[in-house]
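So this one's entry-v6.txt, compact mmCIF, C-alpha atoms:
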```txt
# COMPACT_ATOMS: atom_id res chain seq x y z
CA MET A 1 -2.32 -61.48 -25.60
CA SER A 2 1.38 -60.55 -25.57
CA VAL A 3 3.66 -60.42 -22.56
CA ALA A 4 3.72 -56.61 -22.74
CA ASP A 5 -0.08 -56.50 -22.58
CA ASP A 6 -0.04 -58.85 -19.59
CA ARG A 7 2.47 -56.64 -17.79
CA SER A 8 0.45 -53.52 -18.57
CA THR A 9 -2.75 -55.13 -17.27
CA ALA A 10 -1.01 -56.32 -14.11
CA ARG A 11 0.46 -52.85 -13.56
CA ARG A 12 -2.93 -51.18 -13.93
CA THR A 13 -4.51 -53.71 -11.61
CA LEU A 14 -1.86 -53.05 -8.96
CA ILE A 15 -2.35 -49.29 -9.34
CA VAL A 16 -6.12 -49.63 -8.87
CA ILE A 17 -5.67 -51.87 -5.84
CA GLY A 18 -3.15 -49.42 -4.39
CA LEU A 19 -5.51 -46.47 -4.91
CA VAL A 20 -8.38 -48.36 -3.28
CA LEU A 21 -6.24 -49.32 -0.29
CA ALA A 22 -4.92 -45.77 0.05
CA THR A 23 -8.48 -44.43 -0.04
CA VAL A 24 -9.63 -46.92 2.60
CA VAL A 25 -6.65 -46.09 4.84
CA GLY A 26 -7.25 -42.36 4.38
CA LEU A 27 -10.94 -42.64 5.25
CA ALA A 28 -10.12 -44.77 8.28
CA LEU A 29 -7.57 -42.19 9.42
CA VAL A 30 -10.08 -39.38 8.99
CA TRP A 31 -12.69 -41.34 10.94
CA ALA A 32 -10.22 -42.12 13.74
CA THR A 33 -9.21 -38.47 14.06
CA ARG A 34 -12.61 -36.95 13.32
CA ARG A 35 -12.85 -35.23 16.71
CA VAL A 36 -9.53 -33.44 16.28
CA LEU A 37 -10.41 -32.55 12.69
CA VAL A 38 -13.69 -31.02 13.81
CA TRP A 39 -11.85 -29.01 16.48
CA GLY A 40 -9.41 -27.76 13.86
CA LEU A 41 -12.25 -26.84 11.50
CA VAL A 42 -14.08 -24.87 14.19
CA ALA A 43 -10.80 -23.19 15.20
CA ALA A 44 -10.14 -22.18 11.59
CA PHE A 45 -13.66 -20.77 11.37
CA LEU A 46 -13.10 -18.72 14.54
CA ALA A 47 -9.67 -17.58 13.33
CA VAL A 48 -11.04 -16.35 10.01
CA ALA A 49 -13.77 -14.45 11.86
CA LEU A 50 -11.36 -12.71 14.28
CA LYS A 51 -8.46 -12.09 11.87
CA PRO A 52 -9.90 -8.85 10.38
CA LEU A 53 -10.18 -7.36 13.88
CA VAL A 54 -6.62 -8.36 14.69
CA ASP A 55 -5.33 -6.91 11.40
CA ARG A 56 -7.14 -3.62 12.02
CA LEU A 57 -5.78 -3.35 15.56
CA GLU A 58 -2.28 -4.32 14.42
CA ARG A 59 -2.19 -1.37 12.04
CA ARG A 60 -2.59 0.92 15.06
CA ILE A 61 -0.33 -0.66 17.66
CA ARG A 62 2.20 -2.24 15.23
CA ARG A 63 2.51 -5.45 17.26
CA ARG A 64 0.61 -8.51 16.09
CA ALA A 65 1.11 -10.57 19.24
CA LEU A 66 -0.37 -7.80 21.41
CA ALA A 67 -3.22 -7.18 18.95
CA THR A 68 -4.10 -10.89 18.89
CA LEU A 69 -4.03 -11.10 22.67
CA LEU A 70 -6.24 -8.03 23.09
CA VAL A 71 -8.83 -9.26 20.58
CA PHE A 72 -9.05 -12.71 22.17
CA LEU A 73 -9.26 -11.20 25.66
CA ALA A 74 -12.09 -8.93 24.50
CA ALA A 75 -13.94 -11.89 22.98
CA PHE A 76 -13.43 -13.90 26.18
CA ALA A 77 -14.70 -10.99 28.30
CA LEU A 78 -17.78 -10.67 26.10
CA PHE A 79 -18.64 -14.37 26.36
CA ALA A 80 -17.92 -14.34 30.11
CA ALA A 81 -20.28 -11.39 30.59
CA LEU A 82 -23.02 -13.13 28.62
CA GLY A 83 -22.46 -16.30 30.64
CA ALA A 84 -22.66 -14.38 33.91
CA LEU A 85 -25.91 -12.72 32.84
CA ILE A 86 -27.36 -16.16 32.16
CA VAL A 87 -25.83 -18.33 34.88
CA VAL A 88 -26.12 -16.09 37.96
CA PRO A 89 -29.94 -15.70 37.89
CA LEU A 90 -30.33 -19.40 37.05
CA VAL A 91 -28.15 -20.42 40.00
CA ASP A 92 -30.17 -18.18 42.32
CA GLU A 93 -33.40 -19.68 41.04
CA LEU A 94 -32.05 -23.22 41.43
CA GLY A 95 -31.10 -22.39 45.01
CA ARG A 96 -34.64 -21.22 45.73
CA LEU A 97 -36.00 -24.35 44.08
CA ALA A 98 -33.74 -26.54 46.22
CA ASP A 99 -35.00 -24.77 49.36
CA ARG A 100 -38.61 -25.34 48.35
CA ALA A 101 -38.08 -28.89 47.08
CA PRO A 102 -38.91 -30.77 50.37
CA ARG A 103 -42.16 -28.87 50.80
CA VAL A 104 -43.10 -29.34 47.14
CA VAL A 105 -42.40 -33.08 47.34
CA HIS A 106 -44.45 -33.43 50.56
CA GLU A 107 -47.40 -31.58 48.98
CA ALA A 108 -47.10 -33.66 45.81
CA GLN A 109 -47.22 -36.90 47.79
CA ALA A 110 -50.38 -35.64 49.52
CA GLY A 111 -51.95 -34.52 46.23
CA ARG A 112 -51.82 -30.84 47.17
CA GLY A 113 -50.23 -27.87 45.47
CA PRO A 114 -49.84 -27.34 41.72
CA VAL A 115 -47.56 -30.35 41.25
CA GLY A 116 -49.74 -32.66 43.31
CA GLU A 117 -52.91 -31.56 41.56
CA LEU A 118 -51.28 -32.07 38.18
CA LEU A 119 -50.10 -35.58 39.14
CA ASP A 120 -53.55 -36.42 40.48
CA ARG A 121 -55.21 -35.16 37.30
CA LEU A 122 -52.87 -37.26 35.15
CA HIS A 123 -53.25 -40.34 37.42
CA LEU A 124 -49.51 -40.27 38.20
CA LEU A 125 -49.78 -39.70 41.93
CA ARG A 126 -48.58 -43.21 42.78
CA TYR A 127 -45.18 -42.39 41.26
CA ALA A 128 -44.67 -39.71 43.95
CA GLU A 129 -44.75 -42.24 46.76
CA PRO A 130 -41.60 -42.34 48.97
CA GLY A 131 -40.53 -45.77 47.68
CA HIS A 132 -40.64 -44.66 44.05
CA LEU A 133 -38.80 -41.43 44.85
CA ARG A 134 -35.98 -43.30 46.61
CA ARG A 135 -35.70 -45.67 43.64
CA TYR A 136 -35.51 -42.75 41.23
CA GLY A 137 -32.93 -41.01 43.42
CA SER A 138 -30.70 -44.08 43.45
CA ARG A 139 -30.80 -44.17 39.64
CA LEU A 140 -29.76 -40.56 39.31
CA GLY A 141 -26.20 -41.44 40.22
CA GLU A 142 -25.83 -43.85 37.31
CA PRO A 143 -25.36 -41.28 34.52
CA THR A 144 -23.21 -39.01 36.73
CA VAL A 145 -19.93 -40.51 35.48
CA GLY A 146 -20.95 -40.06 31.86
CA LEU A 147 -22.06 -36.49 32.56
CA VAL A 148 -18.75 -35.62 34.21
CA ARG A 149 -16.86 -37.18 31.31
CA GLY A 150 -18.92 -35.21 28.81
CA VAL A 151 -18.29 -31.94 30.66
CA ALA A 152 -14.54 -32.67 30.78
CA GLN A 153 -14.48 -33.40 27.05
CA ALA A 154 -16.40 -30.21 26.31
CA VAL A 155 -13.95 -28.13 28.37
CA ALA A 156 -10.98 -29.81 26.64
CA ALA A 157 -12.53 -29.16 23.23
CA LEU A 158 -13.17 -25.50 24.09
CA VAL A 159 -9.61 -24.93 25.30
CA THR A 160 -8.16 -26.70 22.26
CA VAL A 161 -10.27 -24.70 19.82
CA VAL A 162 -9.33 -21.39 21.46
CA VAL A 163 -5.61 -22.21 21.50
CA LEU A 164 -5.65 -23.39 17.88
CA ALA A 165 -7.55 -20.30 16.75
CA TYR A 166 -5.15 -18.04 18.67
CA LEU A 167 -2.11 -19.62 17.04
CA MET A 168 -3.73 -19.53 13.60
CA VAL A 169 -4.43 -15.81 13.88
CA LEU A 170 -1.00 -15.07 15.36
CA GLU A 171 0.90 -16.97 12.67
CA ALA A 172 -1.42 -16.06 9.79
CA PRO A 173 0.95 -13.54 8.09
CA ARG A 174 3.85 -16.00 8.11
CA ILE A 175 1.68 -18.87 6.89
CA VAL A 176 0.19 -16.77 4.09
CA ALA A 177 3.54 -15.32 3.04
CA GLY A 178 5.20 -18.74 2.99
CA THR A 179 2.37 -20.26 0.97
CA LEU A 180 2.40 -17.43 -1.57
CA ARG A 181 6.16 -17.73 -2.02
CA LEU A 182 5.80 -21.42 -2.80
CA VAL A 183 3.09 -21.10 -5.45
CA GLY A 184 4.46 -18.19 -7.49
CA ASP A 185 3.01 -14.87 -8.65
CA GLY A 186 0.09 -16.11 -10.80
CA PRO A 187 -1.42 -18.58 -8.33
CA ALA A 188 -0.58 -16.18 -5.47
CA GLU A 189 -3.01 -13.59 -6.81
CA ARG A 190 -5.72 -16.23 -7.05
CA LEU A 191 -5.05 -17.40 -3.48
CA ARG A 192 -5.25 -13.81 -2.23
CA ARG A 193 -8.59 -13.42 -3.95
CA ILE A 194 -9.88 -16.71 -2.47
CA GLY A 195 -8.73 -15.71 1.01
CA ARG A 196 -10.33 -12.27 0.75
CA ASP A 197 -13.64 -13.71 -0.45
CA THR A 198 -13.58 -16.44 2.21
CA SER A 199 -13.01 -13.88 4.97
CA ARG A 200 -15.90 -11.80 3.64
CA ILE A 201 -18.17 -14.85 3.62
CA VAL A 202 -17.36 -15.85 7.20
CA THR A 203 -17.76 -12.27 8.45
CA GLY A 204 -21.07 -11.91 6.62
CA TYR A 205 -22.28 -15.23 8.01
CA LEU A 206 -21.49 -14.18 11.58
CA SER A 207 -23.14 -10.79 11.20
CA GLY A 208 -26.25 -12.32 9.63
CA ASN A 209 -26.47 -15.01 12.28
CA LEU A 210 -26.14 -12.42 15.05
CA LEU A 211 -28.89 -10.33 13.45
CA ILE A 212 -31.25 -13.32 13.38
CA SER A 213 -30.47 -14.10 17.03
CA VAL A 214 -31.11 -10.49 18.06
CA ILE A 215 -34.50 -10.62 16.30
CA CYS A 216 -35.38 -13.91 18.02
CA GLY A 217 -34.28 -12.68 21.44
CA GLY A 218 -36.12 -9.38 21.09
CA LEU A 219 -39.40 -11.00 20.05
CA THR A 220 -39.09 -13.59 22.84
CA PHE A 221 -38.52 -10.85 25.41
CA ALA A 222 -41.59 -8.97 24.18
CA VAL A 223 -43.80 -12.08 24.38
CA LEU A 224 -42.55 -13.12 27.83
CA LEU A 225 -42.87 -9.58 29.16
CA LEU A 226 -46.46 -9.31 27.95
CA LEU A 227 -47.29 -12.65 29.60
CA GLY A 228 -45.69 -11.62 32.89
CA VAL A 229 -43.12 -14.45 32.90
CA PRO A 230 -40.37 -13.83 35.48
CA PHE A 231 -36.76 -13.40 34.32
CA ALA A 232 -37.98 -12.49 30.84
CA ALA A 233 -34.71 -10.73 29.94
CA VAL A 234 -32.52 -13.64 31.04
CA ILE A 235 -34.66 -16.22 29.23
CA ALA A 236 -34.67 -14.08 26.09
CA LEU A 237 -30.87 -13.86 26.28
CA VAL A 238 -30.63 -17.65 26.56
CA VAL A 239 -32.95 -18.01 23.56
CA ALA A 240 -30.85 -15.55 21.54
CA VAL A 241 -27.63 -17.46 22.31
CA VAL A 242 -28.99 -20.91 21.42
CA ASP A 243 -30.65 -19.45 18.32
CA LEU A 244 -27.15 -19.06 16.87
CA ILE A 245 -27.50 -22.77 16.01
CA PRO A 246 -29.22 -23.00 12.61
CA LEU A 247 -32.54 -24.87 12.28
CA VAL A 248 -32.65 -26.36 15.80
CA GLY A 249 -31.67 -23.28 17.82
CA ALA A 250 -35.19 -21.90 17.96
CA THR A 251 -36.46 -25.31 19.13
CA LEU A 252 -33.97 -25.43 21.99
CA GLY A 253 -34.92 -21.89 22.95
CA ALA A 254 -38.59 -22.82 22.79
CA ILE A 255 -38.04 -25.56 25.39
CA VAL A 256 -36.51 -23.08 27.83
CA ALA A 257 -39.07 -20.33 27.21
CA ALA A 258 -42.06 -22.68 27.23
CA GLY A 259 -40.89 -24.23 30.52
CA ALA A 260 -40.76 -20.76 32.06
CA GLY A 261 -44.18 -19.99 30.58
CA PHE A 262 -45.79 -23.14 32.01
CA ALA A 263 -44.22 -22.34 35.37
CA ARG A 264 -46.12 -19.06 35.21
CA SER A 265 -49.43 -20.54 34.00
CA PRO A 266 -50.68 -23.11 31.49
CA THR A 267 -52.05 -20.33 29.30
CA ALA A 268 -48.69 -18.57 29.18
CA GLY A 269 -46.95 -21.81 28.28
CA ILE A 270 -49.36 -22.53 25.43
CA VAL A 271 -48.98 -19.00 24.08
CA VAL A 272 -45.18 -19.28 24.15
CA LEU A 273 -45.33 -22.64 22.35
CA VAL A 274 -47.59 -21.25 19.63
CA PHE A 275 -45.29 -18.25 19.22
CA PHE A 276 -42.20 -20.44 18.76
CA VAL A 277 -43.93 -22.81 16.33
CA VAL A 278 -44.83 -19.84 14.12
CA TYR A 279 -41.50 -18.06 14.59
CA GLN A 280 -39.39 -21.13 13.81
CA GLN A 281 -41.14 -21.57 10.47
CA VAL A 282 -40.63 -17.90 9.66
CA GLU A 283 -36.95 -18.02 10.68
CA ASN A 284 -36.08 -21.27 8.87
CA HIS A 285 -37.88 -20.48 5.63
CA LEU A 286 -37.80 -16.67 5.44
CA LEU A 287 -35.40 -14.86 7.78
CA GLN A 288 -32.44 -17.21 7.53
CA PRO A 289 -32.46 -17.75 3.74
CA VAL A 290 -33.05 -14.05 2.96
CA ILE A 291 -30.64 -12.54 5.52
CA MET A 292 -27.94 -15.11 4.86
CA ALA A 293 -28.35 -14.69 1.12
CA ARG A 294 -27.63 -10.98 1.51
CA ALA A 295 -24.84 -11.41 4.07
CA VAL A 296 -23.04 -14.28 2.32
CA ARG A 297 -24.25 -13.44 -1.22
CA LEU A 298 -25.77 -16.85 -1.77
CA ASN A 299 -29.06 -17.81 -3.34
CA PRO A 300 -31.71 -18.34 -0.61
CA LEU A 301 -32.47 -21.80 -2.00
CA THR A 302 -28.76 -22.68 -1.78
CA VAL A 303 -28.68 -21.51 1.84
CA LEU A 304 -31.68 -23.61 2.85
CA VAL A 305 -30.61 -26.75 0.99
CA SER A 306 -27.02 -26.57 2.25
CA VAL A 307 -28.13 -26.25 5.88
CA LEU A 308 -30.58 -29.15 5.58
CA LEU A 309 -28.05 -31.46 3.92
CA ALA A 310 -25.20 -30.56 6.27
CA ALA A 311 -27.38 -30.99 9.36
CA GLU A 312 -28.40 -34.43 8.12
CA LEU A 313 -24.84 -35.48 7.33
CA ALA A 314 -22.82 -33.91 10.16
CA GLY A 315 -25.35 -32.93 12.81
CA LEU A 316 -24.87 -29.74 14.82
CA VAL A 317 -21.38 -28.92 13.51
CA GLY A 318 -22.57 -29.41 9.95
CA ALA A 319 -25.51 -27.06 10.48
CA LEU A 320 -23.19 -24.40 11.94
CA LEU A 321 -20.68 -24.57 9.10
CA ALA A 322 -23.02 -25.30 6.19
CA ILE A 323 -23.56 -21.73 4.99
CA PRO A 324 -19.91 -20.58 5.04
CA ALA A 325 -18.90 -23.91 3.46
CA ALA A 326 -21.40 -23.33 0.65
CA GLY A 327 -20.02 -19.82 0.17
CA VAL A 328 -16.44 -21.08 0.03
CA ALA A 329 -17.49 -23.78 -2.46
CA GLN A 330 -19.00 -21.07 -4.65
CA VAL A 331 -15.76 -19.06 -4.47
CA LEU A 332 -13.69 -22.11 -5.47
CA LEU A 333 -16.08 -22.92 -8.30
CA ARG A 334 -15.83 -19.39 -9.59
CA GLU A 335 -12.04 -19.44 -9.47
CA PHE A 336 -11.24 -22.89 -10.84
CA VAL A 337 -14.11 -23.64 -13.25
CA PRO A 338 -14.07 -21.44 -16.37
CA ALA A 339 -17.87 -21.51 -16.79
CA GLY A 340 -18.40 -20.76 -13.10
CA ARG A 341 -16.25 -17.65 -13.41
CA LEU A 342 -18.96 -16.03 -15.52
CA ALA A 343 -22.06 -17.61 -13.96
CA LEU A 344 -21.00 -16.91 -10.36
CA ALA A 345 -19.27 -13.58 -10.79
CA PRO A 346 -19.38 -11.59 -7.54
CA PRO A 347 -21.17 -8.24 -7.52
CA ALA A 348 -18.82 -5.33 -8.07
CA ASP A 349 -17.95 -3.30 -4.98
CA PRO A 350 -19.20 0.28 -5.23
CA ASP A 351 -15.93 1.71 -3.86
CA PRO A 352 -13.06 -0.70 -4.47
CA PRO A 353 -10.08 -0.15 -2.18
CA PRO A 354 -7.06 1.54 -3.72
CA GLY A 355 -4.50 -0.75 -5.24
CA ASP A 356 -6.93 -3.46 -6.30
CA GLY A 357 -6.90 -2.40 -9.95
CA PRO A 358 -9.78 -1.34 -12.17
CA PRO A 359 -13.31 -2.71 -11.73
CA GLY A 360 -13.57 -6.11 -13.30
CA GLY A 361 -10.26 -7.44 -11.97
CA ARG A 362 -7.97 -9.35 -14.24
CA ASN A 363 -10.66 -9.85 -16.89
CA ALA A 364 -11.28 -6.11 -17.37
CA VAL A 365 -10.60 -4.90 -20.90
CA PRO A 366 -9.35 -1.31 -21.22
CA PRO A 367 -11.08 0.87 -23.78
CA ALA A 368 -9.57 1.73 -27.08
CA GLY A 369 -6.59 4.01 -26.81
CA GLY A 370 -5.60 2.62 -23.42
CA SER A 371 -7.37 5.31 -21.36
CA ALA A 372 -9.99 4.62 -18.75
CA PRO A 373 -13.57 5.79 -19.39
CA GLY A 374 -14.28 9.18 -17.92
CA ASN A 375 -16.60 10.08 -15.11
CA ARG A 376 -17.52 13.24 -13.28
CA ASP A 377 -14.42 13.08 -11.08
CA ASN A 378 -12.05 12.09 -13.87
CA PRO A 379 -13.27 13.47 -17.23
CA PRO A 380 -11.82 11.89 -20.34
CA ALA A 381 -8.83 13.61 -21.83
CA SER A 382 -9.72 15.75 -24.76
CA GLY A 383 -8.16 15.30 -28.18
```
Encoded form (structure tokens):
Amino acid sequence: MSVADDRSTARRTLIVIGLVLATVVGLALVWATRRVLVWGLVAAFLAVALKPLVDRLERRIRRRALATLLVFLAAFALFAALGALIVVPLVDELGRLADRAPRVVHEAQAGRGPVGELLDRLHLLRYAEPGHLRRYGSRLGEPTVGLVRGVAQAVAALVTVVVLAYLMVLEAPRIVAGTLRLVGDGPAERLRRIGRDTSRIVTGYLSGNLLISVICGGLTFAVLLLLGVPFAAVIALVVAVVDLIPLVGATLGAIVAAGAGFARSPTAGIVVLVFFVVYQQVENHLLQPVIMARAVRLNPLTVLVSVLLAAELAGLVGALLAIPAAGVAQVLLREFVPAGRLALAPPADPDPPPGDGPPGGRNAVPPAGGSAPGNRDNPPASG
């Protein structure tokens, strides 16, 4: 082997080692900053969802800063109203429970009342003795520090996500314009198309998810109302909110609704559990794939598989972002892979907005003679 070959082999070896080290350092950096990256991803998702509203309002008031502020204030007011509808009745009920707690505990220790009878039937009455209760009460303070830390982190994450999303929406025109100037005219048109399709996917995902939650909340309210469960409207609202979480949302809602049902009567609790077992299967395997396939224009099988894989890989955040991520991946595949451009062509809009060119986009071929085909509004020119 010559000296030149030795140098070439050594150079390639150093390049491979450098690439491996760079990959390891990059992955370690991503892992170390994973919390901030997740916050940024959620903020970008929220920004893409609210940007069309801001753009529409900006066209009326001509001031983007004011339009952004008004849209975010409206969203905050909506979430605050939903929170008040949920929290206020729950706080009142917790206050009543706290007032009744000493009497309930005394009856349970004596084996009387619904709690005492249940403990006696399950042979758990000895755990309601005063010594056991004091021991349990002393242990309740142990996880308090962790709970407070978790609440503080959740508040910090919420504030950070809102601020990032606000700045993204506010600076979106400058960011887009600067990026398009850097890439040139040809790639700029492709980036505009990707951004437009991505915005449509996120908006469709939100509308489809809201529709599924409304269906879940409405059916839950009907079941609880028929069973005579108190606070049926509030519980149904809680179920609708948590049902925004794909796959596991209905399960979390079932815990709340079934607890309220068992508080009413064992029969009501069992009926609520049966309802949620059936409904969750229908939602996960019928409603969500079909509605999301229409809203995001994805194959129902793709929707289901993407949610399952993302939930397994990234947990709750992965389940929330799986469907729009799959839609964006399809858009990128259609734009950058020649075969995908034909296999994944988007359905043509019935009424394309003016200025977007003829149907078919850049690949449309004009008819012979250079004139567009006629229709009833624009008949073909005669000889």
Q: Find the spatial neighbours of Leu244 of chain A, counting only C-alpha atoms, within a cut-off of 7 Å - ignore same-chain residues fewer than 5 positions away - and output them as number ranges by chain.
A: A: 209-210, 213, 249
Restrict the calculation to only C-alpha atoms, then for each residue of segment 178-219 of chain A with any atom at most 12 Å from an atom of segment 257-272 of chain A give the closest atom pair and their distance in Å to one decimal, rows by chain and rising residue number, as a Markdown table.
```
| residue | atom | partner | partner_atom | distance |
| --- | --- | --- | --- | --- |
| A:Cys216 | CA | A:Ala257 | CA | 11.8 |
| A:Gly217 | CA | A:Ala257 | CA | 10.7 |
| A:Leu219 | CA | A:Val272 | CA | 10.9 |
```
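Shortest atom-to-atom contact with Leu73 of chain A among A:Ala32, A:Arg149, A:Ile15, A:Val162: A:Val162, counting all atoms listed in the file.
Computed from the coordinates, the atom CA of Phe231 of chain A to atom CA of Pro89 of chain A distance equals 8.0 Å.
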**Q.** Coordinates-based distance that separates atom CA of Ile245 of chain A from atom CA of Ala75 of chain A (Å, one decimal)
**A.** 18.7 Å
Q | Atom pair atom CA of Gly204 of chain A / atom CA of Arg334 of chain A: separation (Å) | A |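 Spanning atom CA of Gly204 of chain A to atom CA of Arg334 of chain A is a straight-line distance of 18.6 Å.
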Q | Neighbour list for segment 290-297 of chain A as a ChimeraX atom specification, cut-off 6 Å, all atoms listed in the file, skip fewer than 6 positions in-chain | A | /A:201,204-205,208
Find the smallest box with edges along x, y and z containing every listed atom of segment 283-290 of chain A, then add 8 Å on each side and report centre and edge lengths in Å to one decimal, as AutoDock Vina command-line options.
```
--center_x -35.2 --center_y -17.7 --center_z 6.8 --size_x 21.4 --size_y 23.2 --size_z 23.7
```
Sort by chain and increasing residue number a table of all residues of segment 7-81 of chain A within 9 Å of segment 177-200 of chain A, each with its closest pair of atoms and their distance in Å to one decimal, counting only C-alpha atoms, and write it as CSV.
```
residue,atom,partner,partner_atom,distance
A:Val48,CA,A:Ser199,CA,5.9
A:Ala49,CA,A:Ser199,CA,7.0
A:Lys51,CA,A:Ser199,CA,8.5
A:Pro52,CA,A:Ser199,CA,8.0
```
What does the file look like for those residues with C-alpha atoms, as a short mmCIF file (atom, residue, chain, number, x, y, z; two decimals), keeping the file's coordinate frame?
```cif
data_model
loop_
_atom_site.label_atom_id
_atom_site.label_comp_id
_atom_site.auth_asym_id
_atom_site.auth_seq_id
_atom_site.Cartn_x
_atom_site.Cartn_y
_atom_site.Cartn_z
CA VAL A 48 -11.04 -16.35 10.01
CA ALA A 49 -13.77 -14.45 11.86
CA LYS A 51 -8.46 -12.09 11.87
CA PRO A 52 -9.90 -8.85 10.38
#
```
Q: List every protein, DNA or RNA residue that has an atom no more than 9 Å from (-7.5, -13.8, 15.2) in the file's coordinate frame, counting all atoms listed in the file, and report them as number ranges by chain.
A: A: 46-55, 67-69, 71-72, 165-170, 172
Q) So which one's closest to Gly83 of chain A, A:Ile215, A:Leu226, A:Ala232, A:Leu237? Using only C-alpha atoms, please. A) A:Leu237
Q.
Could you check the closest approach to Val256 of chain A for each of A:Leu37, A:Val16, A:Ala240, A:Ile235 and tell me which residue wins, using only C-alpha atoms?
A.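 Between A:Leu37, A:Val16, A:Ala240, A:Ile235, the residue approaching Val256 of chain A most closely is A:Ile235.
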Q: Show which residues sit within 9 Å of Leu321 of chain A, as a ChimeraX atom specification. Count only C-alpha atoms, and ignore same-chain residues fewer than 6 positions away.
A: /A:42,45,307,310
